[in-house]
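S.K.: So here's structure-v4.txt, just compact mmCIF, C-alpha atoms:
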```
# COMPACT_ATOMS: atom_id res chain seq x y z
CA MET C 1 -38.65 32.22 40.82
CA LYS C 2 -38.37 29.35 43.31
CA THR C 3 -41.20 29.78 45.81
CA LEU C 4 -41.57 28.36 49.31
CA PHE C 5 -44.87 28.03 51.18
CA PHE C 6 -44.54 27.50 54.93
CA ASP C 7 -47.16 26.18 57.28
CA LEU C 8 -47.35 28.33 60.44
CA ASP C 9 -48.39 26.26 63.49
CA GLY C 10 -45.78 23.59 64.15
CA THR C 11 -43.45 24.82 61.42
CA ILE C 12 -42.68 28.46 62.19
CA ALA C 13 -44.20 28.78 65.67
CA ASP C 14 -44.82 26.49 68.62
CA SER C 15 -48.43 27.50 69.17
CA GLN C 16 -49.57 24.55 71.26
CA GLU C 17 -50.29 26.45 74.49
CA GLY C 18 -52.54 29.07 72.91
CA ILE C 19 -54.39 26.59 70.71
CA ILE C 20 -55.02 24.06 73.50
CA ASN C 21 -56.22 26.80 75.85
CA SER C 22 -58.55 28.12 73.14
CA ILE C 23 -59.93 24.62 72.59
CA HIS C 24 -60.58 24.20 76.32
CA TYR C 25 -62.47 27.49 76.30
CA MET C 26 -64.67 26.59 73.30
CA ILE C 27 -65.39 23.11 74.74
CA GLN C 28 -66.54 24.67 78.01
CA LYS C 29 -68.62 27.36 76.31
CA GLN C 30 -70.33 24.87 73.99
CA HIS C 31 -70.74 22.24 76.76
CA LEU C 32 -69.06 19.53 74.68
CA PRO C 33 -67.71 16.25 76.09
CA LEU C 34 -64.13 16.59 77.27
CA LEU C 35 -61.32 14.88 75.37
CA ASP C 36 -57.68 14.61 76.44
CA ASP C 37 -54.95 17.06 75.45
CA ASP C 38 -53.27 14.45 73.23
CA THR C 39 -56.44 14.44 71.14
CA TYR C 40 -56.64 18.22 71.18
CA ARG C 41 -53.10 18.36 69.79
CA GLN C 42 -54.45 16.61 66.72
CA PHE C 43 -56.54 19.75 66.11
CA ILE C 44 -53.31 21.63 65.34
CA GLY C 45 -52.77 21.74 61.59
CA PRO C 46 -56.10 20.82 60.00
CA SER C 47 -58.90 23.36 59.85
CA LEU C 48 -60.83 23.69 63.10
CA GLY C 49 -64.09 22.83 61.36
CA SER C 50 -62.73 19.54 60.01
CA SER C 51 -61.44 18.58 63.47
CA LEU C 52 -64.78 19.38 65.07
CA ASN C 53 -66.56 17.26 62.46
CA LYS C 54 -64.14 14.42 63.15
CA TYR C 55 -64.18 14.42 66.96
CA TYR C 56 -67.70 15.78 67.55
CA PRO C 57 -69.67 14.33 64.62
CA ALA C 58 -73.04 14.98 66.27
CA LEU C 59 -72.61 18.75 65.95
CA SER C 60 -74.82 20.43 63.38
CA GLU C 61 -73.37 22.90 60.87
CA ALA C 62 -74.72 25.80 62.94
CA GLU C 63 -73.21 24.32 66.12
CA VAL C 64 -69.83 23.93 64.42
CA ASP C 65 -70.00 27.60 63.37
CA GLN C 66 -70.84 28.67 66.94
CA THR C 67 -68.05 26.53 68.39
CA ILE C 68 -65.53 28.09 66.00
CA GLN C 69 -66.72 31.53 67.10
CA TYR C 70 -66.05 30.59 70.73
CA TYR C 71 -62.55 29.45 69.76
CA HIS C 72 -61.87 32.73 67.97
CA GLU C 73 -63.22 34.67 70.96
CA PHE C 74 -60.52 33.30 73.26
CA TYR C 75 -57.76 32.94 70.68
CA LEU C 76 -57.91 36.53 69.43
CA ALA C 77 -57.96 37.91 72.99
CA THR C 78 -55.42 35.61 74.65
CA GLY C 79 -54.36 32.47 72.78
CA ILE C 80 -52.69 34.29 69.90
CA PHE C 81 -50.09 35.62 72.36
CA GLN C 82 -49.36 32.20 73.88
CA GLN C 83 -46.83 30.98 71.33
CA SER C 84 -43.17 31.33 70.44
CA LEU C 85 -40.99 30.91 67.37
CA TYR C 86 -38.96 27.72 67.14
CA PRO C 87 -35.28 28.23 68.02
CA GLY C 88 -33.26 28.66 64.84
CA ILE C 89 -36.23 29.38 62.57
CA LEU C 90 -35.37 33.04 61.94
CA GLU C 91 -31.81 32.15 61.01
CA ALA C 92 -33.09 29.54 58.58
CA LEU C 93 -35.57 31.99 57.03
CA ASP C 94 -32.82 34.57 56.65
CA ARG C 95 -30.55 32.07 54.87
CA LEU C 96 -33.35 31.05 52.51
CA MET C 97 -34.25 34.65 51.75
CA ARG C 98 -30.60 35.50 51.03
CA ALA C 99 -30.38 32.44 48.76
CA GLY C 100 -33.02 34.04 46.53
CA TYR C 101 -36.14 32.05 47.38
CA SER C 102 -39.53 33.76 47.62
CA LEU C 103 -40.90 32.93 51.10
CA ASN C 104 -44.64 32.77 51.87
CA ILE C 105 -46.93 31.44 54.60
CA ALA C 106 -49.81 29.14 53.63
CA SER C 107 -51.79 28.24 56.75
CA ALA C 108 -55.19 26.73 57.50
CA LYS C 109 -55.47 29.40 60.21
CA PRO C 110 -57.74 32.32 59.20
CA GLU C 111 -55.76 34.85 57.20
CA PRO C 112 -56.35 37.83 59.54
CA MET C 113 -54.78 35.78 62.35
CA VAL C 114 -51.81 34.88 60.13
CA VAL C 115 -51.28 38.58 59.43
CA GLN C 116 -51.49 39.47 63.13
CA ILE C 117 -49.00 36.76 64.13
CA ALA C 118 -46.58 37.80 61.39
CA GLU C 119 -46.71 41.38 62.64
CA ARG C 120 -46.25 40.32 66.27
CA PHE C 121 -43.10 38.33 65.53
CA GLY C 122 -41.65 40.60 62.87
CA LEU C 123 -42.02 37.99 60.14
CA ASN C 124 -43.00 40.44 57.41
CA ARG C 125 -39.35 41.07 56.57
CA TYR C 126 -39.04 37.43 55.48
CA PHE C 127 -42.39 36.63 53.87
CA THR C 128 -43.68 38.09 50.62
CA GLY C 129 -47.18 36.63 50.96
CA LEU C 130 -49.34 35.69 53.96
CA TYR C 131 -52.09 33.30 52.91
CA GLY C 132 -54.70 31.65 55.12
CA ALA C 133 -58.24 30.41 55.46
CA THR C 134 -61.31 32.62 55.33
CA MET C 135 -62.47 33.76 58.77
CA ASP C 136 -65.50 31.45 58.72
CA GLU C 137 -63.20 28.56 57.69
CA ARG C 138 -65.75 27.43 55.10
CA VAL C 139 -65.05 29.11 51.76
CA ARG C 140 -61.34 28.30 52.05
CA SER C 141 -60.23 26.07 54.91
CA SER C 142 -58.29 22.96 53.87
CA LYS C 143 -54.55 23.16 53.16
CA THR C 144 -55.33 22.07 49.60
CA ALA C 145 -57.63 25.07 49.14
CA VAL C 146 -55.30 27.51 50.91
CA LEU C 147 -52.30 26.42 48.84
CA GLU C 148 -54.31 26.62 45.62
CA TYR C 149 -55.24 30.18 46.58
CA ALA C 150 -51.65 31.01 47.54
CA LEU C 151 -50.30 29.71 44.24
CA LYS C 152 -52.82 31.76 42.29
CA GLU C 153 -52.30 34.96 44.28
CA SER C 154 -48.50 34.72 44.23
CA GLY C 155 -48.29 33.66 40.58
CA ALA C 156 -45.91 30.88 41.57
CA ASP C 157 -45.12 28.00 39.23
CA PRO C 158 -46.12 24.75 41.02
CA GLN C 159 -43.13 23.03 39.44
CA GLN C 160 -40.85 25.59 41.10
CA ALA C 161 -42.67 25.61 44.44
CA LEU C 162 -42.35 23.72 47.72
CA MET C 163 -44.83 23.22 50.59
CA ILE C 164 -43.17 22.95 54.01
CA GLY C 165 -45.10 21.71 57.03
CA ASP C 166 -45.37 19.37 60.00
CA ARG C 167 -48.68 17.57 59.39
CA ASP C 168 -50.06 15.16 56.81
CA THR C 169 -52.51 17.85 55.69
CA ASP C 170 -49.55 19.95 54.50
CA MET C 171 -48.19 17.04 52.47
CA ILE C 172 -51.62 16.23 51.01
CA GLY C 173 -52.20 19.89 50.17
CA GLY C 174 -48.92 19.99 48.31
CA ALA C 175 -49.60 16.78 46.40
CA ASN C 176 -53.10 17.92 45.42
CA ASN C 177 -51.56 21.08 43.94
CA HIS C 178 -48.70 19.21 42.20
CA VAL C 179 -46.16 20.83 44.53
CA LYS C 180 -43.22 19.03 46.16
CA THR C 181 -43.37 18.73 49.95
CA LEU C 182 -40.85 18.98 52.78
CA GLY C 183 -42.02 17.57 56.09
CA VAL C 184 -40.61 18.70 59.46
CA THR C 185 -40.67 16.49 62.54
CA TYR C 186 -39.99 19.18 65.16
CA GLY C 187 -43.65 20.29 65.10
CA PHE C 188 -46.83 18.39 65.88
CA GLY C 189 -46.58 15.55 63.37
CA ASP C 190 -44.01 12.78 63.25
CA ALA C 191 -41.95 10.95 60.63
CA ALA C 192 -44.49 8.13 60.29
CA GLU C 193 -47.38 10.55 59.63
CA LEU C 194 -45.35 12.49 57.07
CA ALA C 195 -44.14 9.34 55.33
CA LYS C 196 -47.68 7.98 55.12
CA ALA C 197 -48.71 11.24 53.45
CA HIS C 198 -45.87 10.78 50.91
CA ALA C 199 -43.68 13.73 51.90
CA THR C 200 -41.06 14.26 49.22
CA ALA C 201 -38.42 14.66 51.95
CA VAL C 202 -38.32 15.06 55.74
CA ILE C 203 -36.06 17.05 58.08
CA ASP C 204 -35.79 17.10 61.87
CA ALA C 205 -34.76 20.64 62.87
CA PRO C 206 -35.18 24.25 61.68
CA GLY C 207 -31.46 24.46 60.98
CA GLU C 208 -31.89 21.75 58.32
CA LEU C 209 -34.38 23.81 56.29
CA PRO C 210 -31.87 25.41 53.87
CA ARG C 211 -30.31 22.05 53.05
CA GLY C 212 -33.69 20.35 52.76
CA VAL C 213 -35.05 23.03 50.45
CA ALA C 214 -31.93 23.01 48.26
CA SER C 215 -32.24 19.26 47.81
CA LEU C 216 -35.73 19.65 46.29
CA LEU C 217 -35.62 22.95 44.35
```
Output the file's structure as structure tokens, nothing else.
M.R.:
Amino acid sequence: MKTLFFDLDGTIADSQEGIINSIHYMIQKQHLPLLDDDTYRQFIGPSLGSSLNKYYPALSEAEVDQTIQYYHEFYLATGIFQQSLYPGILEALDRLMRAGYSLNIASAKPEPMVVQIAERFGLNRYFTGLYGATMDERVRSSKTAVLEYALKESGADPQQALMIGDRDTDMIGGANNHVKTLGVTYGFGDAAELAKAHATAVIDAPGELPRGVASLL
């Protein structure tokens, strides 16, 4: 069975508004120095803990945990609703499903949030598996770890699998699991970032997904 693993933020859904608003809330609650929204956009894709360690290196492990809790507090109440599916993505998913691929989500977002978003947008009809990070984002947080978990749980053959995403972390996660990668430039990364991370191939619009997938699997 040919198996596809999709990133969520920046690949299936444009989640920028909800994520940025959640970041503003956690920054205020934790009294952290303000950064600009261009920097906060770089939080989208990697695990929240890794971004906090990168941009606020003085935070202790306990402070990182508390900051993540503040983020979840706002996101689960409000931010999770401040997103929309990319135009054309449902049509592309439908074509891939009808072509016989097994579709799954593999996201660095905590798995309960992935499940809630899938239910909200009616994505369960397309995706066989919904895989994400642990809620504390520690036991399983990186895309490498999430994809490893997704491969194991789904029973997919890495040689017959493809990781699809918009950030370098998606490409690195695929490579670390010996899975081909398809980068998309309509999300939060760009062609240069994806090329630097050695994406197997790159596409520019949701409508190109079926062709891009067929070229690799």
S.K.: Go through segment 166-217 of chain C residue by residue and, counting all atoms listed in the file, keep those with an atom at most 10 Å from segment 73-89 of chain C; for each kept residue give the shortest atom pair and its distance in Å to one decimal, ordered by chain and increasing number, as JSON lines.
M.R.:
```
{"residue": "C:Tyr186", "atom": "CA", "partner": "C:Tyr86", "partner_atom": "CA", "distance": 8.8}
{"residue": "C:Gly187", "atom": "CA", "partner": "C:Tyr86", "partner_atom": "CA", "distance": 9.0}
{"residue": "C:Ala205", "atom": "CA", "partner": "C:Gly88", "partner_atom": "CA", "distance": 8.4}
{"residue": "C:Pro206", "atom": "CA", "partner": "C:Ile89", "partner_atom": "CA", "distance": 5.3}
{"residue": "C:Gly207", "atom": "CA", "partner": "C:Gly88", "partner_atom": "CA", "distance": 6.0}
{"residue": "C:Glu208", "atom": "CA", "partner": "C:Gly88", "partner_atom": "CA", "distance": 9.6}
{"residue": "C:Leu209", "atom": "CA", "partner": "C:Ile89", "partner_atom": "CA", "distance": 8.6}
```
S.K.: For C-alpha atoms, I'd like the residues from the last selection saved as a compact mmCIF listing (two decimals), keeping the file's coordinate frame.
M.R.:
```
# COMPACT_ATOMS: atom_id res chain seq x y z
CA TYR C 186 -39.99 19.18 65.16
CA GLY C 187 -43.65 20.29 65.10
CA ALA C 205 -34.76 20.64 62.87
CA PRO C 206 -35.18 24.25 61.68
CA GLY C 207 -31.46 24.46 60.98
CA GLU C 208 -31.89 21.75 58.32
CA LEU C 209 -34.38 23.81 56.29
```
S.K.: Between atom CA of Ser15 of chain C and atom CA of Val179 of chain C, what is the spacing in Å?
M.R.: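 That distance, rounded to one decimal, is 25.6 Å.
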S.K.: Using all atoms listed in the file, find each residue in segment 9-69 of chain C having at least one atom no more than 10 Å away from segment 119-143 of chain C; report its shortest atom-to-atom pair and that distance in Å (one decimal), rows by chain then rising number, as a tab-separated table.
M.R.:
```
residue	atom	partner	partner_atom	distance
C:Ile12	CA	C:Leu123	CA	9.8
C:Ala13	CA	C:Phe121	CA	9.6
C:Gly45	CA	C:Lys143	CA	8.7
C:Pro46	CA	C:Ser142	CA	6.9
C:Ser47	CA	C:Ser141	CA	5.8
C:Leu48	CA	C:Glu137	CA	7.7
C:Gly49	CA	C:Glu137	CA	6.9
C:Ser50	CA	C:Ser142	CA	8.3
C:Asp65	CA	C:Asp136	CA	7.5
C:Ile68	CA	C:Asp136	CA	8.0
C:Gln69	CA	C:Asp136	CA	8.5
```
S.K.: Using Å and a single decimal, report how far atom CA of Ala156 of chain C sits from atom CA of Ile44 of chain C.
M.R.: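 Those two atoms sit 26.6 Å apart.
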S.K.: I'd like the interatomic distance between atom CA of Val184 of chain C and atom CA of Ile27 of chain C, to a tenth of an Å.
M.R.: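 Rounded to one decimal, the two atoms are 29.4 Å apart.
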S.K.: With a distance cut-off of 6 Å and all atoms listed in the file, select the neighbouring residues of segment 3-7 of chain C, excluding the residue or stretch itself and same-chain residues fewer than 6 positions from it, and output the selection as a list of chain:residue names.
M.R.: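 Residues meeting the cut-off are C:Tyr101, C:Ser102, C:Leu103, C:Asn104, C:Ile105, C:Ala106, C:Ser107, C:Ala161, C:Leu162, C:Met163, C:Ile164, C:Gly165.
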S.K.: Point out the residue among C:Asp157, C:Asp94, C:Asp170, C:Glu111 with the least atom-to-atom distance to Gly10 of chain C, counting only C-alpha atoms.
M.R.: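 Closest to Gly10 of chain C, using only C-alpha atoms: C:Asp170.
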